[in-house]
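Listing of my_file_35.pdb; format and content: PDB, C-alpha atoms and all ligand atoms.
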```pdb
MODEL        1
ATOM      1  CA  MET D  38       0.000   0.000   0.000
ATOM      2  CA  ILE D  39       3.037   2.277   0.329
ATOM      3  CA  GLY D  40       2.516   5.372  -1.852
ATOM      4  CA  ARG D  41      -0.714   3.999  -3.377
ATOM      5  CA  THR D  42      -3.549   6.504  -3.696
ATOM      6  CA  VAL D  43      -6.609   5.830  -1.566
ATOM      7  CA  ILE D  44      -9.767   7.949  -1.423
ATOM      8  CA  ILE D  45     -12.074   7.750   1.574
ATOM      9  CA  THR D  46     -15.284   9.764   1.563
ATOM     10  CA  GLY D  47     -16.487  11.062   4.930
ATOM     11  CA  ALA D  48     -12.996  10.602   6.376
ATOM     12  CA  SER D  49     -13.408  13.376   8.941
ATOM     13  CA  SER D  50     -15.247  11.308  11.553
ATOM     14  CA  GLY D  51     -16.476   7.909  12.667
ATOM     15  CA  VAL D  52     -15.690   4.819  10.592
ATOM     16  CA  GLY D  53     -14.162   6.867   7.752
ATOM     17  CA  LYS D  54     -11.669   8.569  10.049
ATOM     18  CA  ALA D  55     -10.702   5.306  11.760
ATOM     19  CA  LEU D  56     -10.138   3.744   8.326
ATOM     20  CA  ALA D  57      -8.175   6.819   7.243
ATOM     21  CA  GLU D  58      -5.832   6.415  10.230
ATOM     22  CA  ARG D  59      -5.178   2.805   9.329
ATOM     23  CA  VAL D  60      -4.623   3.540   5.633
ATOM     24  CA  ALA D  61      -2.289   6.444   6.481
ATOM     25  CA  SER D  62      -0.345   4.196   8.869
ATOM     26  CA  LYS D  63       0.306   1.872   5.914
ATOM     27  CA  LYS D  64       2.038   4.867   4.236
ATOM     28  CA  ALA D  65      -0.506   5.206   1.460
ATOM     29  CA  LYS D  66      -1.253   8.534  -0.232
ATOM     30  CA  LEU D  67      -4.614   9.405   1.282
ATOM     31  CA  ILE D  68      -7.317  11.648  -0.130
ATOM     32  CA  MET D  69      -9.952  12.651   2.411
ATOM     33  CA  PHE D  70     -13.149  13.550   0.527
ATOM     34  CA  CYS D  71     -15.087  15.659   3.022
ATOM     35  CA  ARG D  72     -17.847  18.258   2.944
ATOM     36  CA  ASP D  73     -16.554  20.409   5.810
ATOM     37  CA  GLY D  74     -13.054  21.715   5.108
ATOM     38  CA  LYS D  75     -12.367  22.868   8.672
ATOM     39  CA  LYS D  76     -13.457  19.595  10.239
ATOM     40  CA  ALA D  77     -11.414  17.705   7.641
ATOM     41  CA  GLU D  78      -8.300  19.767   8.424
ATOM     42  CA  ALA D  79      -8.629  18.995  12.150
ATOM     43  CA  ALA D  80      -9.038  15.282  11.359
ATOM     44  CA  ARG D  81      -6.071  15.410   8.961
ATOM     45  CA  GLU D  82      -3.810  16.823  11.663
ATOM     46  CA  GLU D  83      -4.863  14.068  14.037
ATOM     47  CA  ILE D  84      -4.325  11.378  11.394
ATOM     48  CA  ILE D  85      -0.822  12.738  10.675
ATOM     49  CA  ARG D  86      -0.046  12.708  14.410
ATOM     50  CA  VAL D  87      -1.165   9.069  14.738
ATOM     51  CA  SER D  88       0.284   7.730  11.473
ATOM     52  CA  HIS D  89       3.405   9.902  11.002
ATOM     53  CA  ASN D  90       2.383  10.117   7.348
ATOM     54  CA  GLU D  91       2.044  13.614   5.877
ATOM     55  CA  ASP D  92       0.962  12.434   2.436
ATOM     56  CA  ILE D  93      -2.660  13.242   3.255
ATOM     57  CA  HIS D  94      -4.772  15.498   1.063
ATOM     58  CA  ILE D  95      -8.204  17.007   1.504
ATOM     59  CA  VAL D  96     -10.703  17.386  -1.315
ATOM     60  CA  VAL D  97     -13.767  19.327  -0.245
ATOM     61  CA  GLY D  98     -16.992  18.185  -1.816
ATOM     62  CA  ASP D  99     -20.625  17.664  -0.902
ATOM     63  CA  LEU D 100     -21.855  14.301  -2.158
ATOM     64  CA  SER D 101     -25.451  15.504  -2.070
ATOM     65  CA  SER D 102     -24.645  18.035  -4.807
ATOM     66  CA  MET D 103     -23.957  16.640  -8.277
ATOM     67  CA  LYS D 104     -22.279  19.919  -9.213
ATOM     68  CA  SER D 105     -19.945  19.699  -6.248
ATOM     69  CA  VAL D 106     -19.079  16.050  -6.988
ATOM     70  CA  ARG D 107     -18.177  16.925 -10.599
ATOM     71  CA  THR D 108     -15.871  19.736  -9.458
ATOM     72  CA  ALA D 109     -14.226  17.531  -6.812
ATOM     73  CA  ALA D 110     -13.734  14.641  -9.264
ATOM     74  CA  GLU D 111     -12.058  17.049 -11.733
ATOM     75  CA  GLU D 112      -9.748  18.240  -8.948
ATOM     76  CA  ILE D 113      -8.821  14.645  -8.070
ATOM     77  CA  LYS D 114      -8.127  13.729 -11.713
ATOM     78  CA  LYS D 115      -5.934  16.801 -12.179
ATOM     79  CA  LYS D 116      -3.890  16.267  -9.036
ATOM     80  CA  PHE D 117      -3.536  12.494  -8.791
ATOM     81  CA  PRO D 118      -2.315  10.189 -11.579
ATOM     82  CA  GLU D 119      -3.665   6.936 -10.066
ATOM     83  CA  ILE D 120      -6.341   5.655  -7.682
ATOM     84  CA  ARG D 121      -6.011   2.182  -6.246
ATOM     85  CA  LEU D 122      -8.753   2.275  -3.663
ATOM     86  CA  LEU D 123     -12.010   4.141  -3.371
ATOM     87  CA  VAL D 124     -13.970   3.759  -0.146
ATOM     88  CA  ASN D 125     -17.448   5.235  -0.564
ATOM     89  CA  ASN D 126     -18.077   5.625   3.135
ATOM     90  CA  ALA D 127     -19.831   8.951   3.733
ATOM     91  CA  GLY D 128     -23.398   8.738   4.952
ATOM     92  CA  ALA D 129     -25.983  10.760   6.804
ATOM     93  CA  SER D 130     -29.674  10.902   7.573
ATOM     94  CA  TYR D 131     -31.973  13.880   8.049
ATOM     95  CA  THR D 132     -34.909  14.279  10.431
ATOM     96  CA  ARG D 133     -36.898  16.352   7.958
ATOM     97  CA  LYS D 134     -37.228  16.083   4.225
ATOM     98  CA  ILE D 135     -34.663  18.226   2.416
ATOM     99  CA  ILE D 136     -34.777  18.545  -1.354
ATOM    100  CA  THR D 137     -31.431  19.509  -2.902
ATOM    101  CA  GLU D 138     -30.987  22.293  -5.473
ATOM    102  CA  GLU D 139     -30.970  19.545  -8.100
ATOM    103  CA  GLY D 140     -34.362  18.251  -6.935
ATOM    104  CA  LEU D 141     -33.320  15.101  -5.036
ATOM    105  CA  GLU D 142     -34.097  13.991  -1.499
ATOM    106  CA  LYS D 143     -30.854  14.714   0.382
ATOM    107  CA  THR D 144     -30.266  11.251   1.924
ATOM    108  CA  PHE D 145     -30.588   9.505  -1.428
ATOM    109  CA  ALA D 146     -28.492  12.223  -3.076
ATOM    110  CA  GLY D 147     -25.642  12.211  -0.528
ATOM    111  CA  ASN D 148     -25.488   8.555   0.437
ATOM    112  CA  TYR D 149     -26.003   7.143  -3.031
ATOM    113  CA  ILE D 150     -26.163   9.426  -6.092
ATOM    114  CA  GLY D 151     -23.024  11.353  -5.090
ATOM    115  CA  HIS D 152     -21.091   8.106  -4.703
ATOM    116  CA  TYR D 153     -22.460   6.749  -7.991
ATOM    117  CA  MET D 154     -21.174   9.892  -9.718
ATOM    118  CA  LEU D 155     -17.827  10.032  -7.971
ATOM    119  CA  THR D 156     -17.173   6.383  -8.787
ATOM    120  CA  LEU D 157     -18.133   6.655 -12.447
ATOM    121  CA  LEU D 158     -16.185   9.891 -12.904
ATOM    122  CA  LEU D 159     -13.061   8.220 -11.475
ATOM    123  CA  LEU D 160     -13.591   4.795 -13.015
ATOM    124  CA  ASP D 161     -11.312   5.250 -16.048
ATOM    125  CA  LEU D 162      -8.494   6.382 -13.796
ATOM    126  CA  MET D 163      -9.075   3.393 -11.530
ATOM    127  CA  ALA D 164      -9.129   1.017 -14.475
ATOM    128  CA  GLU D 165      -5.796   2.498 -15.648
ATOM    129  CA  SER D 166      -4.448   1.989 -12.105
ATOM    130  CA  GLU D 167      -5.635  -1.645 -11.827
ATOM    131  CA  PRO D 168      -5.611  -3.745  -9.752
ATOM    132  CA  ALA D 169      -7.986  -1.444  -7.906
ATOM    133  CA  ARG D 170     -10.760  -1.874  -5.379
ATOM    134  CA  ILE D 171     -14.013  -0.045  -4.682
ATOM    135  CA  ILE D 172     -15.728  -0.538  -1.339
ATOM    136  CA  ASN D 173     -19.225   0.783  -0.733
ATOM    137  CA  VAL D 174     -20.214   1.183   2.903
ATOM    138  CA  ALA D 175     -23.836   0.037   3.076
ATOM    139  CA  SER D 176     -25.837  -1.088   6.111
ATOM    140  CA  GLN D 177     -27.777  -4.044   7.431
ATOM    141  CA  ALA D 178     -30.611  -1.510   7.750
ATOM    142  CA  HIS D 179     -31.066  -1.557   3.950
ATOM    143  CA  MET D 180     -34.571  -2.294   2.685
ATOM    144  CA  LYS D 181     -36.350  -2.733  -0.634
ATOM    145  CA  ILE D 182     -36.494   0.599  -2.419
ATOM    146  CA  ASP D 183     -39.899   2.120  -3.034
ATOM    147  CA  PHE D 184     -39.079   3.883  -6.291
ATOM    148  CA  GLU D 185     -42.341   5.852  -6.073
ATOM    149  CA  ASN D 186     -41.258   7.283  -2.725
ATOM    150  CA  LEU D 187     -37.557   7.928  -3.328
ATOM    151  CA  ASN D 188     -37.987  11.669  -2.976
ATOM    152  CA  GLY D 189     -40.476  11.278  -0.134
ATOM    153  CA  GLU D 190     -43.336  11.830  -2.611
ATOM    154  CA  LYS D 191     -45.827   9.713  -0.623
ATOM    155  CA  ARG D 192     -44.424  10.428   2.824
ATOM    156  CA  TYR D 193     -40.990  11.195   4.252
ATOM    157  CA  LYS D 194     -39.614   9.017   7.008
ATOM    158  CA  MET D 195     -36.007   9.521   8.024
ATOM    159  CA  PHE D 196     -35.320   5.794   8.428
ATOM    160  CA  ASP D 197     -36.979   4.808   5.171
ATOM    161  CA  ALA D 198     -34.930   7.362   3.237
ATOM    162  CA  TYR D 199     -31.746   6.064   4.883
ATOM    163  CA  ARG D 200     -32.657   2.437   4.255
ATOM    164  CA  TYR D 201     -33.436   3.038   0.561
ATOM    165  CA  SER D 202     -30.069   4.777   0.149
ATOM    166  CA  LYS D 203     -28.260   1.822   1.714
ATOM    167  CA  ALA D 204     -30.084  -0.660  -0.525
ATOM    168  CA  ALA D 205     -29.010   1.505  -3.465
ATOM    169  CA  ASN D 206     -25.365   1.172  -2.275
ATOM    170  CA  ILE D 207     -25.725  -2.623  -2.466
ATOM    171  CA  LEU D 208     -27.531  -2.742  -5.833
ATOM    172  CA  PHE D 209     -24.945  -0.360  -7.278
ATOM    173  CA  THR D 210     -22.201  -2.696  -6.024
ATOM    174  CA  LEU D 211     -23.768  -5.613  -7.876
ATOM    175  CA  ASN D 212     -24.339  -3.609 -11.072
ATOM    176  CA  LEU D 213     -20.850  -2.139 -11.135
ATOM    177  CA  ALA D 214     -19.161  -5.457 -10.341
ATOM    178  CA  GLU D 215     -20.987  -6.920 -13.349
ATOM    179  CA  ARG D 216     -19.724  -4.112 -15.577
ATOM    180  CA  MET D 217     -16.132  -4.429 -14.302
ATOM    181  CA  LYS D 218     -15.951  -8.230 -14.395
ATOM    182  CA  SER D 219     -13.403  -8.405 -17.217
ATOM    183  CA  THR D 220     -11.095  -5.950 -15.427
ATOM    184  CA  GLN D 221      -9.010  -6.060 -12.285
ATOM    185  CA  VAL D 222     -11.226  -3.508 -10.565
ATOM    186  CA  THR D 223     -13.265  -5.194  -7.851
ATOM    187  CA  VAL D 224     -16.377  -3.774  -6.186
ATOM    188  CA  ASN D 225     -17.814  -4.923  -2.866
ATOM    189  CA  ALA D 226     -20.181  -3.615  -0.221
ATOM    190  CA  VAL D 227     -19.873  -3.856   3.543
ATOM    191  CA  HIS D 228     -21.990  -3.365   6.649
ATOM    192  CA  PRO D 229     -19.638  -1.648   9.144
ATOM    193  CA  GLY D 230     -21.416  -2.994  12.215
ATOM    194  CA  VAL D 231     -23.506  -0.949  14.608
ATOM    195  CA  VAL D 232     -20.982   1.713  15.513
ATOM    196  CA  LYS D 233     -20.748   4.514  18.089
ATOM    197  CA  THR D 234     -20.657   7.456  15.692
ATOM    198  CA  ALA D 235     -22.294  10.774  14.894
ATOM    199  CA  VAL D 236     -24.535   9.134  12.291
ATOM    200  CA  TYR D 237     -27.167   8.792  15.024
ATOM    201  CA  ARG D 238     -26.934  12.417  16.178
ATOM    202  CA  ASP D 239     -30.178  13.685  14.648
ATOM    203  CA  ILE D 240     -32.430  10.885  15.774
ATOM    204  CA  GLY D 241     -35.042  12.086  18.247
ATOM    205  CA  GLY D 242     -37.971  10.768  20.293
ATOM    206  CA  PHE D 243     -38.353   7.129  21.239
ATOM    207  CA  GLN D 244     -35.642   5.966  18.848
ATOM    208  CA  ASN D 245     -33.137   8.294  20.532
ATOM    209  CA  LEU D 246     -33.925   6.666  23.855
ATOM    210  CA  ALA D 247     -33.532   3.193  22.343
ATOM    211  CA  ILE D 248     -30.137   4.171  20.897
ATOM    212  CA  LYS D 249     -28.984   5.582  24.238
ATOM    213  CA  MET D 250     -29.961   2.315  25.921
ATOM    214  CA  MET D 251     -28.162   0.210  23.325
ATOM    215  CA  TRP D 252     -25.089   2.489  23.039
ATOM    216  CA  LEU D 253     -22.986   0.295  25.335
ATOM    217  CA  PHE D 254     -23.376  -2.589  22.906
ATOM    218  CA  PHE D 255     -22.331  -0.612  19.835
ATOM    219  CA  ILE D 256     -18.795  -1.200  18.577
ATOM    220  CA  THR D 257     -16.148   1.513  18.292
ATOM    221  CA  PRO D 258     -15.205   3.052  14.915
ATOM    222  CA  GLU D 259     -11.746   1.509  15.410
ATOM    223  CA  LYS D 260     -13.189  -1.979  15.719
ATOM    224  CA  SER D 261     -15.335  -1.396  12.658
ATOM    225  CA  ALA D 262     -12.308  -0.180  10.699
ATOM    226  CA  ASP D 263     -10.290  -3.245  11.743
ATOM    227  CA  MET D 264     -13.087  -5.431  10.379
ATOM    228  CA  ILE D 265     -13.173  -3.554   7.048
ATOM    229  CA  MET D 266      -9.412  -3.206   6.495
ATOM    230  CA  PRO D 267      -8.868  -6.711   5.023
ATOM    231  CA  MET D 268     -11.232  -5.729   2.190
ATOM    232  CA  LEU D 269      -8.807  -2.913   1.376
ATOM    233  CA  ILE D 270      -5.478  -4.660   1.763
ATOM    234  CA  SER D 271      -5.742  -8.427   2.034
ATOM    235  CA  ASP D 272      -4.703 -10.628  -0.897
ATOM    236  CA  SER D 273      -7.617 -12.897  -0.070
ATOM    237  CA  PHE D 274      -9.953 -10.189  -1.425
ATOM    238  CA  ARG D 275      -8.031  -9.741  -4.692
ATOM    239  CA  ASN D 276     -10.472 -11.687  -6.856
ATOM    240  CA  ILE D 277     -13.667 -11.146  -4.903
ATOM    241  CA  SER D 278     -16.208  -8.816  -6.482
ATOM    242  CA  GLY D 279     -19.948  -8.185  -6.354
ATOM    243  CA  LYS D 280     -20.345  -9.316  -2.746
ATOM    244  CA  TYR D 281     -21.889  -7.796   0.350
ATOM    245  CA  PHE D 282     -19.958  -8.411   3.588
ATOM    246  CA  VAL D 283     -21.222  -8.536   7.156
ATOM    247  CA  LYS D 284     -18.763  -9.259   9.995
ATOM    248  CA  GLY D 285     -16.104 -10.278   7.499
ATOM    249  CA  LYS D 286     -18.281 -12.851   5.708
ATOM    250  CA  ALA D 287     -20.151 -12.675   2.406
ATOM    251  CA  ALA D 288     -23.855 -12.208   3.187
ATOM    252  CA  ILE D 289     -27.110 -12.164   1.279
ATOM    253  CA  PRO D 290     -28.922  -8.811   1.044
ATOM    254  CA  LYS D 291     -32.347  -8.683   2.715
ATOM    255  CA  PRO D 292     -35.104 -10.556   0.840
ATOM    256  CA  GLY D 293     -36.697  -8.461  -1.876
ATOM    257  CA  THR D 294     -33.863  -5.910  -1.990
ATOM    258  CA  ASP D 295     -31.689  -7.560  -4.550
ATOM    259  CA  ASN D 296     -33.604  -8.463  -7.704
ATOM    260  CA  GLU D 297     -33.011  -7.883 -11.403
ATOM    261  CA  THR D 298     -35.977  -5.513 -11.769
ATOM    262  CA  ASP D 299     -34.831  -3.158  -9.020
ATOM    263  CA  ARG D 300     -31.215  -3.316 -10.156
ATOM    264  CA  GLU D 301     -32.292  -2.307 -13.648
ATOM    265  CA  LYS D 302     -34.624   0.425 -12.331
ATOM    266  CA  LEU D 303     -31.838   1.885 -10.215
ATOM    267  CA  ARG D 304     -29.357   1.719 -13.090
ATOM    268  CA  ARG D 305     -31.717   3.591 -15.420
ATOM    269  CA  LEU D 306     -32.645   6.170 -12.804
ATOM    270  CA  SER D 307     -29.010   6.827 -11.850
ATOM    271  CA  GLU D 308     -28.021   7.226 -15.500
ATOM    272  CA  LYS D 309     -30.944   9.579 -16.146
ATOM    273  CA  LEU D 310     -30.227  11.745 -13.094
ATOM    274  CA  THR D 311     -26.473  12.020 -13.570
ATOM    275  CA  GLY D 312     -26.029  11.618 -17.318
ATOM    276  CA  LEU D 313     -23.330   9.011 -16.540
ATOM    277  CA  LYS D 314     -23.756   5.582 -18.133
ATOM    278  CA  LEU D 315     -23.027   2.489 -16.124
TER     279      LEU D 315
HETATM  280  N1  LIG D 401     -22.698   3.972  12.737
HETATM  281  C1  LIG D 401     -23.395   2.893  12.419
HETATM  282  O1  LIG D 401     -23.897   2.168  13.276
HETATM  283  C2  LIG D 401     -23.577   2.515  10.967
HETATM  284  C3  LIG D 401     -24.310   1.353  10.675
HETATM  285  C4  LIG D 401     -24.467   0.976   9.338
HETATM  286  C5  LIG D 401     -23.906   1.762   8.350
HETATM  287  N2  LIG D 401     -23.213   2.890   8.662
HETATM  288  C6  LIG D 401     -22.627   3.676   7.574
HETATM  289  O2  LIG D 401     -21.253   3.886   7.823
HETATM  290  C7  LIG D 401     -20.806   5.045   7.112
HETATM  291  C8  LIG D 401     -19.989   5.923   8.017
HETATM  292  O3  LIG D 401     -20.843   6.529   8.973
HETATM  293  P1  LIG D 401     -20.421   6.752  10.495
HETATM  294  O4  LIG D 401     -21.234   5.851  11.297
HETATM  295  O5  LIG D 401     -18.959   6.744  10.617
HETATM  296  O6  LIG D 401     -21.012   8.242  10.754
HETATM  297  P2  LIG D 401     -20.309   9.659  10.906
HETATM  298  O7  LIG D 401     -19.341   9.655  12.030
HETATM  299  O8  LIG D 401     -21.428  10.638  10.958
HETATM  300  O9  LIG D 401     -19.484   9.825   9.567
HETATM  301  C9  LIG D 401     -20.109  10.085   8.345
HETATM  302  C10 LIG D 401     -19.181  10.919   7.499
HETATM  303  O10 LIG D 401     -19.801  11.157   6.234
HETATM  304  C11 LIG D 401     -19.743  12.545   5.954
HETATM  305  N3  LIG D 401     -20.843  12.935   5.080
HETATM  306  C12 LIG D 401     -22.177  12.777   5.283
HETATM  307  N4  LIG D 401     -22.881  13.274   4.264
HETATM  308  C13 LIG D 401     -21.965  13.785   3.384
HETATM  309  C14 LIG D 401     -22.073  14.456   2.149
HETATM  310  N5  LIG D 401     -23.256  14.738   1.599
HETATM  311  N6  LIG D 401     -20.939  14.823   1.511
HETATM  312  C15 LIG D 401     -19.717  14.563   2.053
HETATM  313  N7  LIG D 401     -19.558  13.939   3.239
HETATM  314  C16 LIG D 401     -20.672  13.566   3.896
HETATM  315  C17 LIG D 401     -19.852  13.200   7.325
HETATM  316  O11 LIG D 401     -19.456  14.550   7.261
HETATM  317  P3  LIG D 401     -19.873  15.568   8.437
HETATM  318  O12 LIG D 401     -18.945  15.257   9.543
HETATM  319  O13 LIG D 401     -19.659  16.907   7.805
HETATM  320  O14 LIG D 401     -21.303  15.291   8.796
HETATM  321  C18 LIG D 401     -18.901  12.305   8.114
HETATM  322  O15 LIG D 401     -17.566  12.645   7.871
HETATM  323  C19 LIG D 401     -22.068   5.715   6.584
HETATM  324  O16 LIG D 401     -22.250   5.375   5.228
HETATM  325  C20 LIG D 401     -23.172   5.087   7.417
HETATM  326  O17 LIG D 401     -24.411   5.094   6.750
HETATM  327  C21 LIG D 401     -23.034   3.292   9.958
ENDMDL
END
```
Now that the file is in, can you turn its structure into structure tokens?
Amino acid sequence: MIGRTVIITGASSGVGKALAERVASKKAKLIMFCRDGKKAEAAREEIIRVSHNEDIHIVVGDLSSMKSVRTAAEEIKKKFPEIRLLVNNAGASYTRKIITEEGLEKTFAGNYIGHYMLTLLLLDLMAESEPARIINVASQAHMKIDFENLNGEKRYKMFDAYRYSKAANILFTLNLAERMKSTQVTVNAVHPGVVKTAVYRDIGGFQNLAIKMMWLFFITPEKSADMIMPMLISDSFRNISGKYFVKGKAAIPKPGTDNETDREKLRRLSEKLTGLKL
């Protein structure tokens, strides 16, 4: 991994930051793709202190904005001649429905569409850098997408929006792995575990109480990162693609989530929204 270029989205906190520390400690060239420049700079300084690696670069971009993702991808392509690893980790959920300037529900836009775009915009560079790996951080909370409610058209529920976006991460993994099967670019998805991070910060009411009660049983971001790291560096993952991993083992997505019809629907929708063909 020494000197190899690795991009981690959402590397300023939680699982992404813990992964970033591990990747930096392996002396890789790290790109932290973050939406908050100040927060990213503070995290960068801490990662340098822990890893003694100064080859760490920040690219500021908001994954919920297609315009911002395009600009950030251009910046990456200009500055970096290769990309060996892309970890699409960033994720968030929102208590109320927010529609982005480009007309998308913000959870779907930031957790999925932004990563779809970033990946496709960098795919040629990754293929030139092969062998390369793409890891999409999904969640066991994923559920079958209601395509008629993706923008909260029928009703907006924070959890539903989050769960659709995580199912999209998995379906995208399967679709992209299929496309890349004759290359040495692998694509896999992972559930990071139930982790003590800021992802739960906006949850209110009864669910907040439930989370507080369960908090002791959640794992640390460090433990989660240790579980994910083999997917980034281990030789045993070299030829594995199109899989979804839970606790280090290949798992089957929830019933109803992963079917040809939904995969095709998501592919068409993503292409239509972004103008980028899978
Ligand atoms: N924690 C869990 O139990 C759990 C369970 C299953 C799956 N996951 C998934 O694990 C991944 C990491 O989350 P985490 O738990 O580590 O939470 P976290 O500490 O909140 O980290 C999420 C990171 O993503 C960034 N981010 C969110 N939306 C973004 C956007 N639109 N553009 C750019 N960056 C954005 C956040 O930036 P800010 O700091 O600016 O908000 C933050 O750096 C997420 O995909 C999450 O869905 C987490």
Taking the file as shown, find all residues satisfying the PyMOL selection byres (((chain D and resi 124) around 7) and not hetatm) and write them as a list in words.
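Applying the expression gives Ile44, Ile45, Thr46, Leu122, Leu123, Asn125, Asn126, Ile171, Ile172 and Asn173 of chain D.
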Let me have the centre and edge lengths of the axis-aligned box enclosing all listed atoms of segment 194-208 of chain D with 5 Å padding on every side, in Å to one decimal, as lines of an AutoDock Vina configuration file.
```
center_x = -32.5
center_y = 3.4
center_z = 1.3
size_x = 24.2
size_y = 22.3
size_z = 24.3
```
On this structure, which residues satisfy the PyMOL selection byres (((chain D and resi 150-167) around 9) and not hetatm), written as an NGL selection string?
:D and (46 or 99-103 or 105-107 or 109-111 or 113-114 or 118-123 or 125-127 or 145-149 or 168-171 or 173 or 202 or 205-206 or 209 or 217 or 220-222 or 307 or 310-311 or 313-315)
Out of D:Glu190, D:Glu215, D:Glu139, D:Glu259, which residue has the shortest atom-to-atom distance to Gly230 of chain D when counting only C-alpha atoms?
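Of D:Glu190, D:Glu215, D:Glu139, D:Glu259, the one nearest Gly230 of chain D, counting only C-alpha atoms, is D:Glu259.
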Find the residue from D:Glu142, D:Ile136, D:Ile265, D:Lys76 that sits nearest to Ala175 of chain D; use only C-alpha atoms when measuring.
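Ranking D:Glu142, D:Ile136, D:Ile265, D:Lys76 by distance to Ala175 of chain D, first place goes to D:Ile265.
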What is the distance, in Å and to one decimal place, between atom CA of Val236 of chain D and atom CA of Gly47 of chain D?
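Here the two named atoms are 11.1 Å from each other.
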Interatomic distance between atom CA of Gln244 of chain D and atom CA of Gly285 of chain D?
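Value for the atom CA of Gln244 of chain D-atom CA of Gly285 of chain D distance: 27.8 Å.
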One-decimal distance in Å that lies between atom CA of Ala226 of chain D and atom CA of Arg192 of chain D
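The value is 28.2 Å.
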For Thr132 of chain D, find every residue with an atom within 8 Å (counting only C-alpha atoms), except residues of its own chain fewer than 5 positions away, and show them as a PyMOL selection string.
chain D and resi 194-195+239-240
Translate the PyMOL selection byres (((chain D and resi 61) around 9) and not hetatm), as applied to the file shown, into an explicit residue set as a VMD selection string.
chain D and resid 56 to 60 62 to 67 84 to 85 87 to 93
Between D:Thr144, D:Ser49, D:Thr108, D:Ser278, which residue has the minimum interatomic distance to ligand LIG 401 (chain D), considering all atoms listed in the file?
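For ligand LIG 401 (chain D), the nearest of the given residues is D:Ser49.
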Which residue, D:Asn245, D:Thr223, D:Thr210, D:Thr257, has the smallest gap to ligand LIG 401 (chain D) when you use all atoms listed in the file?
D:Thr257
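Nearest to ligand LIG 401 (chain D) of all the residues D:Met69, D:Val232, D:Val224, D:Ile182 is D:Val232, counting all atoms listed in the file.
Of the residues listed (D:Thr42, D:Asn186, D:Ser130, D:Ser273), D:Ser130 shows the shortest atom-to-atom separation from ligand LIG 401 (chain D); distances use all atoms listed in the file.
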Show which residues sit within 9 Å of Ala178 of chain D, as number ranges by chain. Count only C-alpha atoms, and ignore same-chain residues fewer than 4 positions away.
D: 196, 199-201, 203-204, 228, 291
